[in-house]
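Data from structure-v2.cif: mmCIF, N, CA and C atoms and all ligand atoms; chains and numbers go by the auth columns
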data_upload
#
loop_
_atom_site.group_PDB
_atom_site.id
_atom_site.type_symbol
_atom_site.label_atom_id
_atom_site.label_comp_id
_atom_site.label_asym_id
_atom_site.label_seq_id
_atom_site.Cartn_x
_atom_site.Cartn_y
_atom_site.Cartn_z
_atom_site.B_iso_or_equiv
_atom_site.auth_seq_id
_atom_site.auth_asym_id
ATOM 1 N N MET A 1 -16.139 33.722 2.791 0.00 258 A
ATOM 2 C CA MET A 1 -14.780 34.079 2.389 0.00 258 A
ATOM 3 C C MET A 1 -14.836 35.188 1.345 0.00 258 A
ATOM 4 N N ALA A 2 -14.123 36.257 1.586 0.00 259 A
ATOM 5 C CA ALA A 2 -14.118 37.382 0.648 0.00 259 A
ATOM 6 C C ALA A 2 -13.061 37.191 -0.428 0.00 259 A
ATOM 7 N N PHE A 3 -13.362 37.691 -1.581 0.00 260 A
ATOM 8 C CA PHE A 3 -12.422 37.621 -2.695 0.00 260 A
ATOM 9 C C PHE A 3 -12.738 38.769 -3.631 0.00 260 A
ATOM 10 N N THR A 4 -11.857 39.036 -4.576 0.00 261 A
ATOM 11 C CA THR A 4 -12.101 40.100 -5.534 0.00 261 A
ATOM 12 C C THR A 4 -12.606 39.505 -6.842 0.00 261 A
ATOM 13 N N CYS A 5 -13.811 39.904 -7.235 0.00 262 A
ATOM 14 C CA CYS A 5 -14.381 39.444 -8.492 0.00 262 A
ATOM 15 C C CYS A 5 -13.718 40.218 -9.636 0.00 262 A
ATOM 16 N N ASP A 6 -13.114 39.495 -10.551 0.00 263 A
ATOM 17 C CA ASP A 6 -12.428 40.143 -11.674 0.00 263 A
ATOM 18 C C ASP A 6 -13.411 40.832 -12.619 0.00 263 A
ATOM 19 N N GLN A 7 -14.644 40.411 -12.583 0.00 264 A
ATOM 20 C CA GLN A 7 -15.654 41.012 -13.459 0.00 264 A
ATOM 21 C C GLN A 7 -16.089 42.368 -12.903 0.00 264 A
ATOM 22 N N TYR A 8 -16.409 42.417 -11.614 0.00 265 A
ATOM 23 C CA TYR A 8 -16.829 43.667 -10.983 0.00 265 A
ATOM 24 C C TYR A 8 -15.627 44.523 -10.589 0.00 265 A
ATOM 25 N N GLY A 9 -14.505 43.853 -10.315 0.00 266 A
ATOM 26 C CA GLY A 9 -13.318 44.559 -9.870 0.00 266 A
ATOM 27 C C GLY A 9 -13.427 45.039 -8.446 0.00 266 A
ATOM 28 N N ARG A 10 -14.283 44.414 -7.668 0.00 267 A
ATOM 29 C CA ARG A 10 -14.382 44.765 -6.257 0.00 267 A
ATOM 30 C C ARG A 10 -14.637 43.522 -5.407 0.00 267 A
ATOM 31 N N SER A 11 -14.504 43.726 -4.125 0.00 268 A
ATOM 32 C CA SER A 11 -14.580 42.610 -3.192 0.00 268 A
ATOM 33 C C SER A 11 -15.988 42.024 -3.137 0.00 268 A
ATOM 34 N N ARG A 12 -16.060 40.721 -3.105 0.00 269 A
ATOM 35 C CA ARG A 12 -17.335 40.029 -3.024 0.00 269 A
ATOM 36 C C ARG A 12 -17.242 38.993 -1.916 0.00 269 A
ATOM 37 N N SER A 13 -18.391 38.600 -1.395 0.00 270 A
ATOM 38 C CA SER A 13 -18.403 37.492 -0.448 0.00 270 A
ATOM 39 C C SER A 13 -19.069 36.309 -1.128 0.00 270 A
ATOM 40 N N GLY A 14 -18.877 35.138 -0.592 0.00 271 A
ATOM 41 C CA GLY A 14 -19.476 33.946 -1.187 0.00 271 A
ATOM 42 C C GLY A 14 -18.435 33.089 -1.867 0.00 271 A
ATOM 43 N N THR A 15 -18.883 32.358 -2.856 0.00 272 A
ATOM 44 C CA THR A 15 -18.003 31.390 -3.511 0.00 272 A
ATOM 45 C C THR A 15 -17.250 32.019 -4.671 0.00 272 A
ATOM 46 N N ALA A 16 -15.929 31.915 -4.653 0.00 273 A
ATOM 47 C CA ALA A 16 -15.098 32.357 -5.767 0.00 273 A
ATOM 48 C C ALA A 16 -15.033 31.252 -6.805 0.00 273 A
ATOM 49 N N ILE A 17 -15.227 31.631 -8.059 0.00 274 A
ATOM 50 C CA ILE A 17 -15.183 30.641 -9.135 0.00 274 A
ATOM 51 C C ILE A 17 -14.046 30.970 -10.075 0.00 274 A
ATOM 52 N N LYS A 18 -13.214 29.979 -10.327 0.00 275 A
ATOM 53 C CA LYS A 18 -12.085 30.158 -11.243 0.00 275 A
ATOM 54 C C LYS A 18 -12.560 29.800 -12.646 0.00 275 A
ATOM 55 N N THR A 19 -12.449 30.749 -13.556 0.00 276 A
ATOM 56 C CA THR A 19 -12.887 30.479 -14.926 0.00 276 A
ATOM 57 C C THR A 19 -11.790 29.786 -15.714 0.00 276 A
ATOM 58 N N VAL A 20 -12.139 29.288 -16.889 0.00 277 A
ATOM 59 C CA VAL A 20 -11.156 28.595 -17.724 0.00 277 A
ATOM 60 C C VAL A 20 -10.054 29.533 -18.177 0.00 277 A
ATOM 61 N N THR A 21 -10.335 30.842 -18.167 0.00 278 A
ATOM 62 C CA THR A 21 -9.323 31.814 -18.569 0.00 278 A
ATOM 63 C C THR A 21 -8.479 32.265 -17.384 0.00 278 A
ATOM 64 N N GLY A 22 -8.692 31.654 -16.206 0.00 279 A
ATOM 65 C CA GLY A 22 -7.874 31.939 -15.046 0.00 279 A
ATOM 66 C C GLY A 22 -8.335 33.119 -14.227 0.00 279 A
ATOM 67 N N ARG A 23 -9.532 33.659 -14.539 0.00 280 A
ATOM 68 C CA ARG A 23 -10.046 34.780 -13.763 0.00 280 A
ATOM 69 C C ARG A 23 -10.843 34.253 -12.578 0.00 280 A
ATOM 70 N N THR A 24 -10.922 35.071 -11.527 0.00 281 A
ATOM 71 C CA THR A 24 -11.723 34.714 -10.368 0.00 281 A
ATOM 72 C C THR A 24 -12.968 35.593 -10.364 0.00 281 A
ATOM 73 N N VAL A 25 -14.118 34.976 -10.430 0.00 282 A
ATOM 74 C CA VAL A 25 -15.369 35.728 -10.497 0.00 282 A
ATOM 75 C C VAL A 25 -16.362 35.182 -9.482 0.00 282 A
ATOM 76 N N CYS A 26 -17.420 35.959 -9.222 0.00 283 A
ATOM 77 C CA CYS A 26 -18.467 35.500 -8.323 0.00 283 A
ATOM 78 C C CYS A 26 -19.460 34.634 -9.101 0.00 283 A
ATOM 79 N N ARG A 27 -20.373 34.038 -8.390 0.00 284 A
ATOM 80 C CA ARG A 27 -21.323 33.100 -8.981 0.00 284 A
ATOM 81 C C ARG A 27 -22.164 33.756 -10.079 0.00 284 A
ATOM 82 N N SER A 28 -22.645 34.957 -9.845 0.00 285 A
ATOM 83 C CA SER A 28 -23.521 35.597 -10.828 0.00 285 A
ATOM 84 C C SER A 28 -22.758 35.947 -12.105 0.00 285 A
ATOM 85 N N CYS A 29 -21.497 36.376 -11.972 0.00 286 A
ATOM 86 C CA CYS A 29 -20.695 36.674 -13.157 0.00 286 A
ATOM 87 C C CYS A 29 -20.390 35.392 -13.918 0.00 286 A
ATOM 88 N N ASP A 30 -20.158 34.318 -13.197 0.00 287 A
ATOM 89 C CA ASP A 30 -19.869 33.040 -13.844 0.00 287 A
ATOM 90 C C ASP A 30 -21.077 32.595 -14.661 0.00 287 A
ATOM 91 N N ASP A 31 -22.255 32.735 -14.095 0.00 288 A
ATOM 92 C CA ASP A 31 -23.476 32.366 -14.814 0.00 288 A
ATOM 93 C C ASP A 31 -23.631 33.209 -16.070 0.00 288 A
ATOM 94 N N ARG A 32 -23.349 34.499 -15.943 0.00 289 A
ATOM 95 C CA ARG A 32 -23.503 35.408 -17.081 0.00 289 A
ATOM 96 C C ARG A 32 -22.504 35.033 -18.186 0.00 289 A
ATOM 97 N N THR A 33 -21.277 34.755 -17.786 0.00 290 A
ATOM 98 C CA THR A 33 -20.252 34.383 -18.759 0.00 290 A
ATOM 99 C C THR A 33 -20.607 33.065 -19.440 0.00 290 A
ATOM 100 N N THR A 34 -21.098 32.127 -18.661 0.00 291 A
ATOM 101 C CA THR A 34 -21.489 30.830 -19.227 0.00 291 A
ATOM 102 C C THR A 34 -22.641 31.017 -20.203 0.00 291 A
ATOM 103 N N GLY A 35 -23.592 31.850 -19.837 0.00 292 A
ATOM 104 C CA GLY A 35 -24.730 32.105 -20.718 0.00 292 A
ATOM 105 C C GLY A 35 -24.293 32.763 -22.003 0.00 292 A
ATOM 106 N N MET A 36 -23.376 33.709 -21.910 0.00 293 A
ATOM 107 C CA MET A 36 -22.868 34.402 -23.093 0.00 293 A
ATOM 108 C C MET A 36 -22.147 33.434 -24.013 0.00 293 A
ATOM 109 N N ALA A 37 -21.303 32.603 -23.435 0.00 294 A
ATOM 110 C CA ALA A 37 -20.551 31.641 -24.244 0.00 294 A
ATOM 111 C C ALA A 37 -21.516 30.701 -24.951 0.00 294 A
ATOM 112 N N ALA A 38 -22.521 30.242 -24.232 0.00 295 A
ATOM 113 C CA ALA A 38 -23.503 29.339 -24.825 0.00 295 A
ATOM 114 C C ALA A 38 -24.239 30.040 -25.959 0.00 295 A
ATOM 115 N N GLY A 39 -24.566 31.304 -25.750 0.00 296 A
ATOM 116 C CA GLY A 39 -25.284 32.049 -26.778 0.00 296 A
ATOM 117 C C GLY A 39 -24.438 32.259 -28.014 0.00 296 A
ATOM 118 N N ILE A 40 -23.171 32.540 -27.818 0.00 297 A
ATOM 119 C CA ILE A 40 -22.279 32.762 -28.957 0.00 297 A
ATOM 120 C C ILE A 40 -22.095 31.469 -29.746 0.00 297 A
ATOM 121 N N ILE A 41 -21.971 30.367 -29.049 0.00 298 A
ATOM 122 C CA ILE A 41 -21.834 29.072 -29.726 0.00 298 A
ATOM 123 C C ILE A 41 -23.121 28.765 -30.489 0.00 298 A
ATOM 124 N N ALA A 42 -24.261 29.005 -29.828 0.00 299 A
ATOM 125 C CA ALA A 42 -25.550 28.699 -30.445 0.00 299 A
ATOM 126 C C ALA A 42 -25.794 29.579 -31.670 0.00 299 A
ATOM 127 N N ALA A 43 -25.279 30.813 -31.623 0.00 300 A
ATOM 128 C CA ALA A 43 -25.529 31.764 -32.701 0.00 300 A
ATOM 129 C C ALA A 43 -24.511 31.639 -33.824 0.00 300 A
ATOM 130 N N GLY A 44 -23.521 30.786 -33.651 0.00 301 A
ATOM 131 C CA GLY A 44 -22.463 30.654 -34.642 0.00 301 A
ATOM 132 C C GLY A 44 -23.003 30.361 -36.030 0.00 301 A
ATOM 133 N N GLY A 45 -22.619 31.187 -36.989 0.00 302 A
ATOM 134 C CA GLY A 45 -23.047 30.964 -38.359 0.00 302 A
ATOM 135 C C GLY A 45 -24.405 31.541 -38.694 0.00 302 A
ATOM 136 N N SER A 46 -25.112 32.045 -37.687 0.00 303 A
ATOM 137 C CA SER A 46 -26.421 32.626 -37.968 0.00 303 A
ATOM 138 C C SER A 46 -26.267 34.071 -38.438 0.00 303 A
ATOM 139 N N GLN A 47 -27.362 34.666 -38.843 0.00 304 A
ATOM 140 C CA GLN A 47 -27.316 36.028 -39.370 0.00 304 A
ATOM 141 C C GLN A 47 -27.303 37.073 -38.261 0.00 304 A
ATOM 142 N N THR A 48 -27.727 36.705 -37.065 0.00 305 A
ATOM 143 C CA THR A 48 -27.751 37.659 -35.967 0.00 305 A
ATOM 144 C C THR A 48 -26.345 37.815 -35.384 0.00 305 A
ATOM 145 N N SER A 49 -26.115 38.920 -34.701 0.00 306 A
ATOM 146 C CA SER A 49 -24.821 39.180 -34.081 0.00 306 A
ATOM 147 C C SER A 49 -24.566 38.181 -32.957 0.00 306 A
ATOM 148 N N PRO A 50 -23.456 37.481 -33.000 0.00 307 A
ATOM 149 C CA PRO A 50 -23.144 36.528 -31.919 0.00 307 A
ATOM 150 C C PRO A 50 -23.111 37.195 -30.557 0.00 307 A
ATOM 151 N N VAL A 51 -22.594 38.414 -30.486 0.00 308 A
ATOM 152 C CA VAL A 51 -22.493 39.109 -29.201 0.00 308 A
ATOM 153 C C VAL A 51 -23.879 39.456 -28.681 0.00 308 A
ATOM 154 N N ALA A 52 -24.727 39.987 -29.547 0.00 309 A
ATOM 155 C CA ALA A 52 -26.083 40.344 -29.126 0.00 309 A
ATOM 156 C C ALA A 52 -26.823 39.102 -28.661 0.00 309 A
ATOM 157 N N SER A 53 -26.662 38.012 -29.377 0.00 310 A
ATOM 158 C CA SER A 53 -27.317 36.766 -28.998 0.00 310 A
ATOM 159 C C SER A 53 -26.774 36.270 -27.664 0.00 310 A
ATOM 160 N N GLY A 54 -25.489 36.444 -27.454 0.00 311 A
ATOM 161 C CA GLY A 54 -24.890 36.005 -26.202 0.00 311 A
ATOM 162 C C GLY A 54 -25.448 36.773 -25.025 0.00 311 A
ATOM 163 N N ILE A 55 -25.608 38.078 -25.184 0.00 312 A
ATOM 164 C CA ILE A 55 -26.163 38.906 -24.115 0.00 312 A
ATOM 165 C C ILE A 55 -27.608 38.490 -23.839 0.00 312 A
ATOM 166 N N ALA A 56 -28.355 38.231 -24.900 0.00 313 A
ATOM 167 C CA ALA A 56 -29.743 37.815 -24.728 0.00 313 A
ATOM 168 C C ALA A 56 -29.799 36.499 -23.969 0.00 313 A
ATOM 169 N N THR A 57 -28.894 35.595 -24.292 0.00 314 A
ATOM 170 C CA THR A 57 -28.873 34.300 -23.621 0.00 314 A
ATOM 171 C C THR A 57 -28.492 34.466 -22.157 0.00 314 A
ATOM 172 N N ALA A 58 -27.569 35.371 -21.874 0.00 315 A
ATOM 173 C CA ALA A 58 -27.179 35.611 -20.492 0.00 315 A
ATOM 174 C C ALA A 58 -28.386 36.087 -19.697 0.00 315 A
ATOM 175 N N GLY A 59 -29.183 36.959 -20.282 0.00 316 A
ATOM 176 C CA GLY A 59 -30.394 37.435 -19.621 0.00 316 A
ATOM 177 C C GLY A 59 -31.360 36.297 -19.375 0.00 316 A
ATOM 178 N N PHE A 60 -31.439 35.398 -20.332 0.00 317 A
ATOM 179 C CA PHE A 60 -32.303 34.233 -20.200 0.00 317 A
ATOM 180 C C PHE A 60 -31.887 33.384 -19.009 0.00 317 A
ATOM 181 N N PHE A 61 -30.595 33.180 -18.856 0.00 318 A
ATOM 182 C CA PHE A 61 -30.094 32.392 -17.736 0.00 318 A
ATOM 183 C C PHE A 61 -30.455 33.053 -16.414 0.00 318 A
ATOM 184 N N GLU A 62 -30.359 34.371 -16.361 0.00 319 A
ATOM 185 C CA GLU A 62 -30.672 35.077 -15.115 0.00 319 A
ATOM 186 C C GLU A 62 -32.150 34.942 -14.771 0.00 319 A
ATOM 187 N N ARG A 63 -33.010 35.044 -15.778 0.00 320 A
ATOM 188 C CA ARG A 63 -34.438 34.888 -15.526 0.00 320 A
ATOM 189 C C ARG A 63 -34.738 33.478 -15.044 0.00 320 A
ATOM 190 N N LEU A 64 -34.086 32.516 -15.662 0.00 321 A
ATOM 191 C CA LEU A 64 -34.280 31.123 -15.286 0.00 321 A
ATOM 192 C C LEU A 64 -33.914 30.924 -13.817 0.00 321 A
ATOM 193 N N ARG A 65 -32.810 31.526 -13.424 0.00 322 A
ATOM 194 C CA ARG A 65 -32.325 31.382 -12.050 0.00 322 A
ATOM 195 C C ARG A 65 -33.313 32.007 -11.068 0.00 322 A
ATOM 196 N N LYS A 66 -33.822 33.179 -11.408 0.00 323 A
ATOM 197 C CA LYS A 66 -34.770 33.856 -10.510 0.00 323 A
ATOM 198 C C LYS A 66 -36.061 33.044 -10.391 0.00 323 A
ATOM 199 N N ARG A 67 -36.493 32.461 -11.497 0.00 324 A
ATOM 200 C CA ARG A 67 -37.709 31.673 -11.488 0.00 324 A
ATOM 201 C C ARG A 67 -37.544 30.455 -10.576 0.00 324 A
ATOM 202 N N ARG A 68 -36.377 29.809 -10.670 0.00 325 A
ATOM 203 C CA ARG A 68 -36.128 28.628 -9.836 0.00 325 A
ATOM 204 C C ARG A 68 -36.181 29.002 -8.358 0.00 325 A
ATOM 205 N N ARG A 69 -35.650 30.181 -8.050 0.00 326 A
ATOM 206 C CA ARG A 69 -35.555 30.589 -6.657 0.00 326 A
ATOM 207 C C ARG A 69 -36.956 30.803 -6.067 0.00 326 A
ATOM 208 N N ARG A 70 -37.905 31.222 -6.915 0.00 327 A
ATOM 209 C CA ARG A 70 -39.262 31.461 -6.432 0.00 327 A
ATOM 210 C C ARG A 70 -40.010 30.168 -6.147 0.00 327 A
ATOM 211 N N ASP A 71 -39.704 29.103 -6.871 0.00 328 A
ATOM 212 C CA ASP A 71 -40.456 27.857 -6.747 0.00 328 A
ATOM 213 C C ASP A 71 -40.267 27.208 -5.378 0.00 328 A
HETATM 214 ZN ZN ZN B . -18.848 39.000 -10.121 0.00 1 B
#

structure tokens encoding of this file:
Amino acid sequence: MAFTCDQYGRSRSGTAIKTVTGRTVCRSCDDRTTGMAAGIIAAGGSQTSPVASGIATAGFFERLRKRRRRD
């Protein structure tokens, strides 16, 4: 089923995921957003930039996913 990913702004195939903010995104964008949110929460109150930490965490989630796929 095709849908428009609000993150990419273009048509995607596969599973559409509705976020808590009401956006429709693809699976990979949802994972990235979840990773970022987790990173920002984890970094709360620390000296590092919450946004930078969130991006780093999102990358971590992507690596984790790729590793699982290889196993
Ligand atoms: Zn997407």

Check: Do you have the atom N of Arg324 (chain A)-CA of Lys275 (chain A) distance handy?
Finding: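 These two atoms are separated by 24.5 Å.
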
Checklist line | Expected selection as a ChimeraX atom specification for ligand ZN 1 (chain B) within 7 Å, all atoms listed in the file | finding: /A:262-266,281-287

If we count only C-alpha atoms and set the cut-off at 8 Å, which residues sit around Ser270 (chain A), ignoring sequence neighbours fewer than 5 positions away in its own chain? Please answer as a short mmCIF file (atom, residue, chain, number, x, y, z; two decimals) with N, CA and C atoms, in the frame of the given file.
data_model
loop_
_atom_site.label_atom_id
_atom_site.label_comp_id
_atom_site.auth_asym_id
_atom_site.auth_seq_id
_atom_site.Cartn_x
_atom_site.Cartn_y
_atom_site.Cartn_z
N MET A 258 -16.14 33.72 2.79
CA MET A 258 -14.78 34.08 2.39
C MET A 258 -14.84 35.19 1.34
N ALA A 259 -14.12 36.26 1.59
CA ALA A 259 -14.12 37.38 0.65
C ALA A 259 -13.06 37.19 -0.43
N PHE A 260 -13.36 37.69 -1.58
CA PHE A 260 -12.42 37.62 -2.70
C PHE A 260 -12.74 38.77 -3.63
#

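CA of Asp288 (chain A) to CA of Glu319 (chain A) spans 7.7 Å [interatomic distance, one decimal].
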
Item checked: Point-to-point distance from CA of Ser268 (chain A) to CA of Arg320 (chain A), Å rounded to tenths ->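 CA of Ser268 (chain A) sits 24.6 Å away from CA of Arg320 (chain A).
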